[in-house]
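Source file structure-v6.cif; content: mmCIF, N, CA and C atoms and all ligand atoms.
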data_work
loop_
_atom_site.label_atom_id
_atom_site.label_comp_id
_atom_site.auth_asym_id
_atom_site.auth_seq_id
_atom_site.Cartn_x
_atom_site.Cartn_y
_atom_site.Cartn_z
N MET J 10 10.28 -19.31 37.89
CA MET J 10 10.30 -18.11 37.05
C MET J 10 11.38 -17.14 37.56
N SER J 11 12.17 -16.63 36.65
CA SER J 11 13.23 -15.71 37.06
C SER J 11 12.65 -14.37 37.51
N ARG J 12 13.43 -13.66 38.25
CA ARG J 12 12.98 -12.37 38.75
C ARG J 12 12.74 -11.39 37.60
N LYS J 13 13.63 -11.48 36.61
CA LYS J 13 13.54 -10.58 35.45
C LYS J 13 12.23 -10.82 34.68
N ARG J 14 11.94 -12.11 34.48
CA ARG J 14 10.73 -12.50 33.75
C ARG J 14 9.48 -12.05 34.52
N ARG J 15 9.53 -12.22 35.84
CA ARG J 15 8.39 -11.84 36.67
C ARG J 15 8.17 -10.32 36.58
N LYS J 16 9.27 -9.60 36.61
CA LYS J 16 9.21 -8.15 36.54
C LYS J 16 8.60 -7.70 35.21
N LYS J 17 9.01 -8.39 34.14
CA LYS J 17 8.53 -8.07 32.80
C LYS J 17 7.03 -8.33 32.71
N LEU J 18 6.60 -9.47 33.27
CA LEU J 18 5.19 -9.83 33.26
C LEU J 18 4.36 -8.79 33.99
N LYS J 19 4.88 -8.39 35.15
CA LYS J 19 4.18 -7.41 35.97
C LYS J 19 4.08 -6.09 35.20
N HIS J 20 5.16 -5.73 34.55
CA HIS J 20 5.18 -4.50 33.79
C HIS J 20 4.16 -4.56 32.65
N GLY J 21 4.09 -5.71 31.98
CA GLY J 21 3.14 -5.90 30.88
C GLY J 21 1.70 -5.77 31.34
N LYS J 22 1.42 -6.35 32.48
CA LYS J 22 0.08 -6.29 33.04
C LYS J 22 -0.32 -4.85 33.35
N LEU J 23 0.63 -4.14 33.92
CA LEU J 23 0.40 -2.75 34.29
C LEU J 23 0.18 -1.90 33.04
N ARG J 24 1.04 -2.11 32.05
CA ARG J 24 0.95 -1.37 30.79
C ARG J 24 -0.42 -1.62 30.12
N ARG J 25 -0.85 -2.87 30.12
CA ARG J 25 -2.14 -3.22 29.54
C ARG J 25 -3.27 -2.48 30.27
N HIS J 26 -3.17 -2.47 31.60
CA HIS J 26 -4.19 -1.80 32.41
C HIS J 26 -4.24 -0.30 32.10
N VAL J 27 -3.08 0.32 32.03
CA VAL J 27 -3.00 1.76 31.76
C VAL J 27 -3.59 2.07 30.38
N LEU J 28 -3.20 1.27 29.39
CA LEU J 28 -3.70 1.48 28.03
C LEU J 28 -5.21 1.30 27.98
N TRP J 29 -5.68 0.26 28.67
CA TRP J 29 -7.10 -0.06 28.65
C TRP J 29 -7.92 1.07 29.29
N GLN J 30 -7.38 1.64 30.36
CA GLN J 30 -8.10 2.73 31.03
C GLN J 30 -8.16 3.97 30.14
N ALA J 31 -7.11 4.18 29.37
CA ALA J 31 -7.08 5.34 28.47
C ALA J 31 -8.05 5.14 27.30
N ASP J 32 -8.12 3.91 26.80
CA ASP J 32 -9.01 3.59 25.69
C ASP J 32 -9.14 2.07 25.57
N PRO J 33 -10.30 1.52 25.90
CA PRO J 33 -10.44 0.06 25.94
C PRO J 33 -10.62 -0.59 24.57
N ARG J 34 -10.55 0.20 23.50
CA ARG J 34 -10.77 -0.38 22.16
C ARG J 34 -9.48 -0.98 21.57
N CYS J 35 -9.68 -2.02 20.79
CA CYS J 35 -8.57 -2.68 20.12
C CYS J 35 -7.93 -1.70 19.13
N HIS J 36 -6.61 -1.63 19.15
CA HIS J 36 -5.88 -0.71 18.26
C HIS J 36 -6.14 -1.03 16.80
N TRP J 37 -6.34 -2.31 16.48
CA TRP J 37 -6.45 -2.73 15.08
C TRP J 37 -7.88 -2.72 14.57
N CYS J 38 -8.83 -3.25 15.33
CA CYS J 38 -10.21 -3.37 14.81
C CYS J 38 -11.19 -2.44 15.51
N GLY J 39 -10.78 -1.82 16.59
CA GLY J 39 -11.64 -0.85 17.26
C GLY J 39 -12.69 -1.44 18.19
N ARG J 40 -12.70 -2.78 18.32
CA ARG J 40 -13.67 -3.38 19.22
C ARG J 40 -13.34 -3.09 20.68
N HIS J 41 -14.38 -2.97 21.47
CA HIS J 41 -14.21 -2.76 22.90
C HIS J 41 -13.69 -4.05 23.53
N THR J 42 -12.57 -3.96 24.23
CA THR J 42 -12.00 -5.17 24.85
C THR J 42 -12.31 -5.20 26.34
N LEU J 43 -12.08 -6.37 26.93
CA LEU J 43 -12.24 -6.52 28.38
C LEU J 43 -10.94 -7.05 28.97
N LEU J 44 -10.60 -6.56 30.15
CA LEU J 44 -9.39 -7.04 30.80
C LEU J 44 -9.62 -8.45 31.34
N PRO J 45 -8.59 -9.28 31.33
CA PRO J 45 -8.73 -10.61 31.93
C PRO J 45 -9.20 -10.46 33.37
N GLY J 46 -10.09 -11.33 33.78
CA GLY J 46 -10.60 -11.25 35.15
C GLY J 46 -11.90 -10.47 35.24
N THR J 47 -12.30 -9.81 34.16
CA THR J 47 -13.56 -9.07 34.16
C THR J 47 -14.72 -10.06 34.21
N PRO J 48 -15.68 -9.86 35.12
CA PRO J 48 -16.83 -10.78 35.16
C PRO J 48 -17.55 -10.79 33.80
N GLY J 49 -17.94 -11.96 33.35
CA GLY J 49 -18.67 -12.06 32.09
C GLY J 49 -17.78 -12.13 30.87
N LEU J 50 -16.46 -12.13 31.09
CA LEU J 50 -15.54 -12.15 29.96
C LEU J 50 -15.67 -13.43 29.15
N LYS J 51 -15.89 -14.54 29.84
CA LYS J 51 -16.01 -15.83 29.14
C LYS J 51 -17.17 -15.81 28.16
N ALA J 52 -18.27 -15.23 28.56
CA ALA J 52 -19.46 -15.16 27.70
C ALA J 52 -19.17 -14.30 26.47
N ALA J 53 -18.36 -13.29 26.66
CA ALA J 53 -18.02 -12.39 25.55
C ALA J 53 -16.69 -12.80 24.94
N ALA J 54 -16.53 -14.07 24.67
CA ALA J 54 -15.26 -14.63 24.21
C ALA J 54 -14.68 -13.86 23.03
N GLY J 55 -13.37 -13.79 23.03
CA GLY J 55 -12.70 -13.19 21.88
C GLY J 55 -12.42 -11.72 21.98
N ILE J 56 -12.71 -11.12 23.10
CA ILE J 56 -12.40 -9.69 23.21
C ILE J 56 -11.48 -9.41 24.39
N THR J 57 -10.74 -10.42 24.81
CA THR J 57 -9.77 -10.23 25.88
C THR J 57 -8.72 -9.21 25.43
N ALA J 58 -8.45 -8.26 26.29
CA ALA J 58 -7.42 -7.26 25.99
C ALA J 58 -6.04 -7.89 26.10
N THR J 59 -5.24 -7.75 25.08
CA THR J 59 -3.85 -8.22 25.12
C THR J 59 -2.93 -7.06 24.75
N LEU J 60 -1.68 -7.25 25.08
CA LEU J 60 -0.67 -6.25 24.75
C LEU J 60 -0.01 -6.67 23.44
N ASP J 61 0.03 -5.78 22.48
CA ASP J 61 0.61 -6.13 21.18
C ASP J 61 1.65 -5.06 20.82
N HIS J 62 2.67 -5.47 20.09
CA HIS J 62 3.65 -4.50 19.62
C HIS J 62 3.08 -3.74 18.44
N LEU J 63 3.27 -2.45 18.43
CA LEU J 63 2.79 -1.65 17.31
C LEU J 63 3.49 -2.11 16.03
N TYR J 64 4.79 -2.32 16.13
CA TYR J 64 5.55 -2.74 14.95
C TYR J 64 5.77 -4.24 14.98
N SER J 65 5.67 -4.83 13.83
CA SER J 65 5.94 -6.24 13.65
C SER J 65 7.37 -6.55 14.05
N ARG J 66 7.63 -7.79 14.43
CA ARG J 66 9.02 -8.14 14.82
C ARG J 66 9.95 -8.07 13.62
N PHE J 67 9.40 -8.00 12.42
CA PHE J 67 10.22 -7.90 11.21
C PHE J 67 10.40 -6.45 10.76
N HIS J 68 9.64 -5.55 11.36
CA HIS J 68 9.68 -4.16 10.92
C HIS J 68 10.93 -3.46 11.45
N PRO J 69 11.62 -2.70 10.59
CA PRO J 69 12.86 -2.04 11.04
C PRO J 69 12.65 -1.08 12.22
N GLU J 70 11.44 -0.55 12.35
CA GLU J 70 11.19 0.40 13.45
C GLU J 70 11.10 -0.29 14.81
N ARG J 71 10.87 -1.59 14.77
CA ARG J 71 10.65 -2.29 16.02
C ARG J 71 11.81 -2.11 16.99
N GLY J 72 13.02 -2.13 16.46
CA GLY J 72 14.19 -1.99 17.32
C GLY J 72 14.30 -0.62 17.95
N ARG J 73 13.84 0.38 17.22
CA ARG J 73 13.96 1.75 17.72
C ARG J 73 12.79 2.13 18.61
N ASP J 74 11.63 1.58 18.26
CA ASP J 74 10.41 1.99 18.93
C ASP J 74 9.71 0.76 19.47
N ASN J 75 9.77 0.59 20.76
CA ASN J 75 9.21 -0.62 21.36
C ASN J 75 7.77 -0.39 21.83
N THR J 76 7.04 0.46 21.12
CA THR J 76 5.68 0.82 21.51
C THR J 76 4.76 -0.40 21.54
N THR J 77 3.98 -0.50 22.60
CA THR J 77 2.96 -1.54 22.66
C THR J 77 1.59 -0.89 22.62
N VAL J 78 0.64 -1.61 22.06
CA VAL J 78 -0.73 -1.12 21.94
C VAL J 78 -1.68 -2.17 22.49
N LEU J 79 -2.91 -1.74 22.76
CA LEU J 79 -3.92 -2.66 23.23
C LEU J 79 -4.56 -3.33 22.01
N SER J 80 -4.64 -4.64 22.07
CA SER J 80 -5.20 -5.38 20.94
C SER J 80 -6.15 -6.44 21.48
N CYS J 81 -7.23 -6.72 20.77
CA CYS J 81 -8.08 -7.83 21.19
C CYS J 81 -7.33 -9.11 20.85
N GLU J 82 -7.67 -10.18 21.53
CA GLU J 82 -6.96 -11.45 21.34
C GLU J 82 -6.98 -11.93 19.88
N PRO J 83 -8.14 -11.92 19.20
CA PRO J 83 -8.15 -12.40 17.81
C PRO J 83 -7.24 -11.60 16.88
N CYS J 84 -7.22 -10.29 17.01
CA CYS J 84 -6.36 -9.46 16.16
C CYS J 84 -4.89 -9.78 16.41
N ASN J 85 -4.55 -9.91 17.68
CA ASN J 85 -3.17 -10.22 18.05
C ASN J 85 -2.75 -11.57 17.47
N ALA J 86 -3.62 -12.56 17.63
CA ALA J 86 -3.32 -13.91 17.15
C ALA J 86 -3.25 -13.95 15.62
N GLU J 87 -4.19 -13.28 14.98
CA GLU J 87 -4.26 -13.27 13.51
C GLU J 87 -3.02 -12.59 12.92
N ARG J 88 -2.61 -11.54 13.57
CA ARG J 88 -1.45 -10.81 13.09
C ARG J 88 -0.20 -11.69 13.12
N SER J 89 0.02 -12.38 14.21
CA SER J 89 1.23 -13.20 14.27
C SER J 89 1.09 -14.43 13.39
N ARG J 90 -0.14 -14.96 13.25
CA ARG J 90 -0.36 -16.11 12.38
C ARG J 90 0.00 -15.73 10.94
N ARG J 91 -0.48 -14.57 10.49
CA ARG J 91 -0.24 -14.12 9.11
C ARG J 91 1.26 -13.87 8.88
N GLU J 92 1.88 -13.23 9.86
CA GLU J 92 3.32 -12.97 9.74
C GLU J 92 4.11 -14.27 9.60
N ASN J 93 3.77 -15.24 10.44
CA ASN J 93 4.49 -16.51 10.40
C ASN J 93 4.28 -17.23 9.08
N LEU J 94 3.07 -17.14 8.57
CA LEU J 94 2.73 -17.78 7.30
C LEU J 94 3.52 -17.17 6.14
N VAL J 95 3.54 -15.86 6.08
CA VAL J 95 4.24 -15.15 5.00
C VAL J 95 5.75 -15.42 5.12
N PHE J 96 6.23 -15.41 6.35
CA PHE J 96 7.65 -15.68 6.58
C PHE J 96 8.00 -17.10 6.12
N ARG J 97 7.14 -18.07 6.46
CA ARG J 97 7.37 -19.46 6.09
C ARG J 97 7.41 -19.62 4.56
N ASP J 98 6.45 -19.00 3.87
CA ASP J 98 6.41 -19.07 2.40
C ASP J 98 7.65 -18.42 1.79
N PHE J 99 8.07 -17.33 2.38
CA PHE J 99 9.26 -16.62 1.92
C PHE J 99 10.49 -17.53 2.01
N VAL J 100 10.67 -18.15 3.17
CA VAL J 100 11.84 -19.02 3.39
C VAL J 100 11.78 -20.24 2.48
N ARG J 101 10.60 -20.84 2.35
CA ARG J 101 10.45 -22.01 1.48
C ARG J 101 10.83 -21.68 0.04
N THR J 102 10.41 -20.52 -0.42
CA THR J 102 10.72 -20.12 -1.79
C THR J 102 12.22 -19.96 -1.96
N LEU J 103 12.86 -19.33 -1.00
CA LEU J 103 14.32 -19.19 -1.08
C LEU J 103 14.99 -20.55 -1.13
N GLU J 104 14.49 -21.48 -0.31
CA GLU J 104 15.08 -22.82 -0.24
C GLU J 104 14.91 -23.57 -1.56
N VAL J 105 13.71 -23.46 -2.13
CA VAL J 105 13.44 -24.12 -3.41
C VAL J 105 14.40 -23.59 -4.48
N LEU J 106 14.72 -22.32 -4.37
CA LEU J 106 15.60 -21.70 -5.37
C LEU J 106 17.08 -21.87 -5.03
N GLY J 107 17.36 -22.69 -4.03
CA GLY J 107 18.75 -23.05 -3.77
C GLY J 107 19.41 -22.38 -2.57
N TRP J 108 18.71 -21.50 -1.91
CA TRP J 108 19.30 -20.86 -0.73
C TRP J 108 19.01 -21.72 0.48
N ARG J 109 19.80 -22.75 0.66
CA ARG J 109 19.48 -23.73 1.70
C ARG J 109 20.25 -23.55 2.99
N ALA J 110 21.41 -22.99 2.91
CA ALA J 110 22.29 -22.98 4.08
C ALA J 110 22.12 -21.73 4.94
N LEU J 111 20.92 -21.21 5.00
CA LEU J 111 20.72 -19.99 5.78
C LEU J 111 20.51 -20.30 7.26
N THR J 112 21.12 -19.49 8.10
CA THR J 112 20.83 -19.60 9.53
C THR J 112 19.51 -18.88 9.77
N ASN J 113 18.92 -19.13 10.93
CA ASN J 113 17.67 -18.47 11.27
C ASN J 113 17.81 -16.95 11.23
N ARG J 114 18.91 -16.50 11.73
CA ARG J 114 19.18 -15.08 11.78
C ARG J 114 19.20 -14.48 10.36
N GLN J 115 19.82 -15.22 9.44
CA GLN J 115 19.88 -14.75 8.05
C GLN J 115 18.51 -14.76 7.40
N LYS J 116 17.72 -15.76 7.74
CA LYS J 116 16.35 -15.83 7.20
C LYS J 116 15.54 -14.62 7.63
N VAL J 117 15.62 -14.34 8.93
CA VAL J 117 14.86 -13.21 9.48
C VAL J 117 15.36 -11.89 8.86
N ALA J 118 16.67 -11.77 8.75
CA ALA J 118 17.26 -10.55 8.18
C ALA J 118 16.85 -10.39 6.72
N ALA J 119 16.86 -11.49 5.97
CA ALA J 119 16.47 -11.44 4.56
C ALA J 119 15.00 -11.05 4.43
N PHE J 120 14.18 -11.62 5.29
CA PHE J 120 12.75 -11.32 5.24
C PHE J 120 12.49 -9.85 5.57
N ALA J 121 13.14 -9.38 6.61
CA ALA J 121 12.99 -7.97 7.00
C ALA J 121 13.44 -7.06 5.86
N GLU J 122 14.52 -7.44 5.20
CA GLU J 122 15.02 -6.60 4.11
C GLU J 122 14.05 -6.65 2.92
N ALA J 123 13.56 -7.84 2.63
CA ALA J 123 12.59 -7.99 1.53
C ALA J 123 11.37 -7.12 1.78
N LEU J 124 10.91 -7.11 3.02
CA LEU J 124 9.74 -6.29 3.37
C LEU J 124 10.06 -4.81 3.23
N SER J 125 11.26 -4.44 3.63
CA SER J 125 11.61 -3.01 3.59
C SER J 125 11.73 -2.51 2.16
N LEU J 126 11.87 -3.43 1.20
CA LEU J 126 11.94 -3.02 -0.21
C LEU J 126 10.55 -2.78 -0.79
N GLN J 127 9.52 -3.20 -0.03
CA GLN J 127 8.15 -3.01 -0.49
C GLN J 127 7.66 -1.62 -0.09
N ALA J 128 7.07 -0.92 -1.05
CA ALA J 128 6.61 0.44 -0.77
C ALA J 128 5.54 0.47 0.32
N GLU J 129 4.71 -0.59 0.37
CA GLU J 129 3.60 -0.60 1.34
C GLU J 129 4.10 -0.81 2.77
N TRP J 130 5.30 -1.27 2.88
CA TRP J 130 5.81 -1.63 4.20
C TRP J 130 6.26 -0.40 4.98
N ARG J 131 5.44 0.64 4.96
CA ARG J 131 5.78 1.83 5.73
C ARG J 131 4.91 1.89 6.98
N SER J 132 3.82 1.14 6.93
CA SER J 132 2.97 1.12 8.11
C SER J 132 3.48 0.05 9.06
N ALA J 133 2.96 0.08 10.26
CA ALA J 133 3.41 -0.87 11.27
C ALA J 133 2.92 -2.28 10.94
N HIS J 134 1.87 -2.35 10.16
CA HIS J 134 1.22 -3.61 9.82
C HIS J 134 1.87 -4.28 8.62
N LEU J 135 1.98 -5.58 8.68
CA LEU J 135 2.35 -6.32 7.48
C LEU J 135 1.17 -6.17 6.52
N PRO J 136 1.42 -5.80 5.25
CA PRO J 136 0.31 -5.60 4.33
C PRO J 136 -0.60 -6.84 4.29
N ALA J 137 -1.90 -6.61 4.22
CA ALA J 137 -2.87 -7.71 4.29
C ALA J 137 -2.68 -8.70 3.15
N ASP J 138 -2.19 -8.21 2.01
CA ASP J 138 -2.04 -9.09 0.85
C ASP J 138 -0.59 -9.58 0.69
N ALA J 139 0.19 -9.46 1.74
CA ALA J 139 1.59 -9.88 1.66
C ALA J 139 1.68 -11.35 1.25
N ASP J 140 2.52 -11.62 0.29
CA ASP J 140 2.65 -12.96 -0.28
C ASP J 140 4.12 -13.36 -0.17
N GLY J 141 4.39 -14.36 0.63
CA GLY J 141 5.77 -14.76 0.91
C GLY J 141 6.55 -15.15 -0.32
N GLN J 142 5.88 -15.86 -1.23
CA GLN J 142 6.56 -16.33 -2.43
C GLN J 142 6.92 -15.15 -3.35
N ALA J 143 5.94 -14.27 -3.57
CA ALA J 143 6.18 -13.10 -4.42
C ALA J 143 7.27 -12.22 -3.80
N LEU J 144 7.24 -12.14 -2.49
CA LEU J 144 8.22 -11.34 -1.76
C LEU J 144 9.63 -11.89 -1.99
N ALA J 145 9.75 -13.22 -1.91
CA ALA J 145 11.06 -13.86 -2.10
C ALA J 145 11.56 -13.63 -3.52
N LEU J 146 10.66 -13.75 -4.49
CA LEU J 146 11.06 -13.59 -5.88
C LEU J 146 11.52 -12.17 -6.17
N SER J 147 10.79 -11.20 -5.69
CA SER J 147 11.20 -9.81 -5.96
C SER J 147 12.46 -9.47 -5.16
N TYR J 148 12.59 -10.12 -4.02
CA TYR J 148 13.80 -9.89 -3.21
C TYR J 148 15.04 -10.41 -3.95
N LEU J 149 14.93 -11.60 -4.53
CA LEU J 149 16.07 -12.19 -5.23
C LEU J 149 16.46 -11.37 -6.45
N LYS J 150 15.47 -10.71 -7.03
CA LYS J 150 15.75 -9.86 -8.21
C LYS J 150 16.63 -8.68 -7.85
N THR J 151 16.57 -8.25 -6.62
CA THR J 151 17.37 -7.09 -6.23
C THR J 151 18.85 -7.46 -6.10
N GLU J 152 19.11 -8.77 -6.01
CA GLU J 152 20.49 -9.28 -5.91
C GLU J 152 21.28 -8.63 -4.79
N ARG J 153 20.59 -8.31 -3.74
CA ARG J 153 21.27 -7.73 -2.60
C ARG J 153 21.81 -8.82 -1.70
N PHE J 154 21.29 -10.02 -1.97
CA PHE J 154 21.59 -11.08 -1.04
C PHE J 154 23.07 -11.42 -0.96
N THR J 155 23.62 -11.41 0.25
CA THR J 155 25.01 -11.82 0.46
C THR J 155 25.07 -12.69 1.69
N THR J 156 25.88 -13.73 1.62
CA THR J 156 26.01 -14.58 2.81
C THR J 156 27.37 -14.38 3.46
ZN ZN I 201 -9.12 -6.34 17.32
#
Would you give me this structure, written as structure tokens?
Ligand SMILES: [Zn+2]
Amino acid sequence: MSRKRRKKLKHGKLRRHVLWQADPRCHWCGRHTLLPGTPGLKAAAGITATLDHLYSRFHPERGRDNTTVLSCEPCNAERSRRENLVFRDFVRTLEVLGWRALTNRQKVAAFAEALSLQAEWRSAHLPADADGQALALSYLKTERFTT
């Protein structure tokens, strides 16, 4: 493990601890979380405290504001699962409609832009009803796309 990576890990652990001491509840669902290593944590499965980014990796604010929040493991996992799913549907729809030669960077940029065109996309959360296919279709209608 590189020194930089180790430093980052240590920093993450510390940040999680500080956040947990200030308020042990999950930022998203409000459940009381437990820090890894807490006795009895295994019995209370699913409430491990994790560090989560307030803003999605697709959200324009993410670059400006690297805020992390305390999240229970299921919320953290569900959030990234949903994001990946919507992103995948978005890309597939673009591909079906002929946009095949996109680099990963262009896909991510297109998705972020499509999201930013949605009025609901003002919160840090990807909207619960986000639909990758619908997103791609409304994005293409804006004809902003340039390669
Ligand atoms: Zn939660």
With a cut-off of 8 Å, could you pull out the residues of chain J touching ligand ZN 201 (chain I) and give me the nearest pair of atoms for each, distance in Å to one decimal, using all atoms listed in the file, ordered by chain and ascending number, as a tab-separated table?
residue	atom	partner	partner_atom	distance
J:Arg34	C	I:ZN201	ZN	6.8
J:Cys35	CA	I:ZN201	ZN	4.6
J:His36	N	I:ZN201	ZN	5.6
J:Trp37	C	I:ZN201	ZN	4.7
J:Cys38	N	I:ZN201	ZN	3.7
J:Gly39	N	I:ZN201	ZN	4.9
J:Arg40	N	I:ZN201	ZN	5.1
J:His41	N	I:ZN201	ZN	7.5
J:Gly55	C	I:ZN201	ZN	7.8
J:Ile56	CA	I:ZN201	ZN	7.5
J:Leu79	C	I:ZN201	ZN	7.2
J:Ser80	C	I:ZN201	ZN	5.1
J:Cys81	N	I:ZN201	ZN	4.0
J:Glu82	N	I:ZN201	ZN	5.9
J:Pro83	C	I:ZN201	ZN	5.6
J:Cys84	CA	I:ZN201	ZN	4.3
J:Asn85	N	I:ZN201	ZN	5.8
* To do: Per DSSP on the backbone, filter stretch 14-156 of chain J down to the residues in helix (DSSP H, G or I) and report them as an MDAnalysis selection string.
  => chainID J and resid 14:31 69:72 82:105 113:125 141:150
* Quote the spacing between atom N of J:Ala58 and atom C of J:Glu129 in Å to one decimal place. =>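 According to the coordinates, atom N of J:Ala58 and atom C of J:Glu129 are separated by 27.7 Å.
Candidate residues J:Asp61, J:Asp74, J:Asp32, J:Asp140 were compared for distance to J:Phe99, and the nearest is J:Asp140, using only C-alpha atoms.
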* Would you be able to write out as a ChimeraX atom specification which residues have an atom within 8 Å of (10.8, -19.8, -3.9) in the file's coordinates, counting all atoms listed in the file? => /J:98-107,141-143,145-146
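The closest residue to J:Ser132, picked from J:Ser65, J:Ser11, J:Asn93, J:Thr47 and counting all atoms listed in the file, is J:Ser65.
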* What does the distance between atom CA of J:Tyr148 and atom CA of J:Ala119 come to in Å, to one decimal place? ->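 Taking atom CA of J:Tyr148 and atom CA of J:Ala119, their separation equals 8.4 Å.
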* Structure fact -> Using all atoms listed in the file, the shortest atom-to-atom distance to J:His134 among J:Leu63, J:Glu87, J:Leu111, J:Phe120 belongs to J:Leu63
* Residues at most 6.5 Å from stretch 17-27 of chain J, counting all atoms listed in the file, excluding those fewer than 4 positions away in the same chain, as a VMD selection string? -> chain J and resid 12 to 13 31 to 32 59 to 60
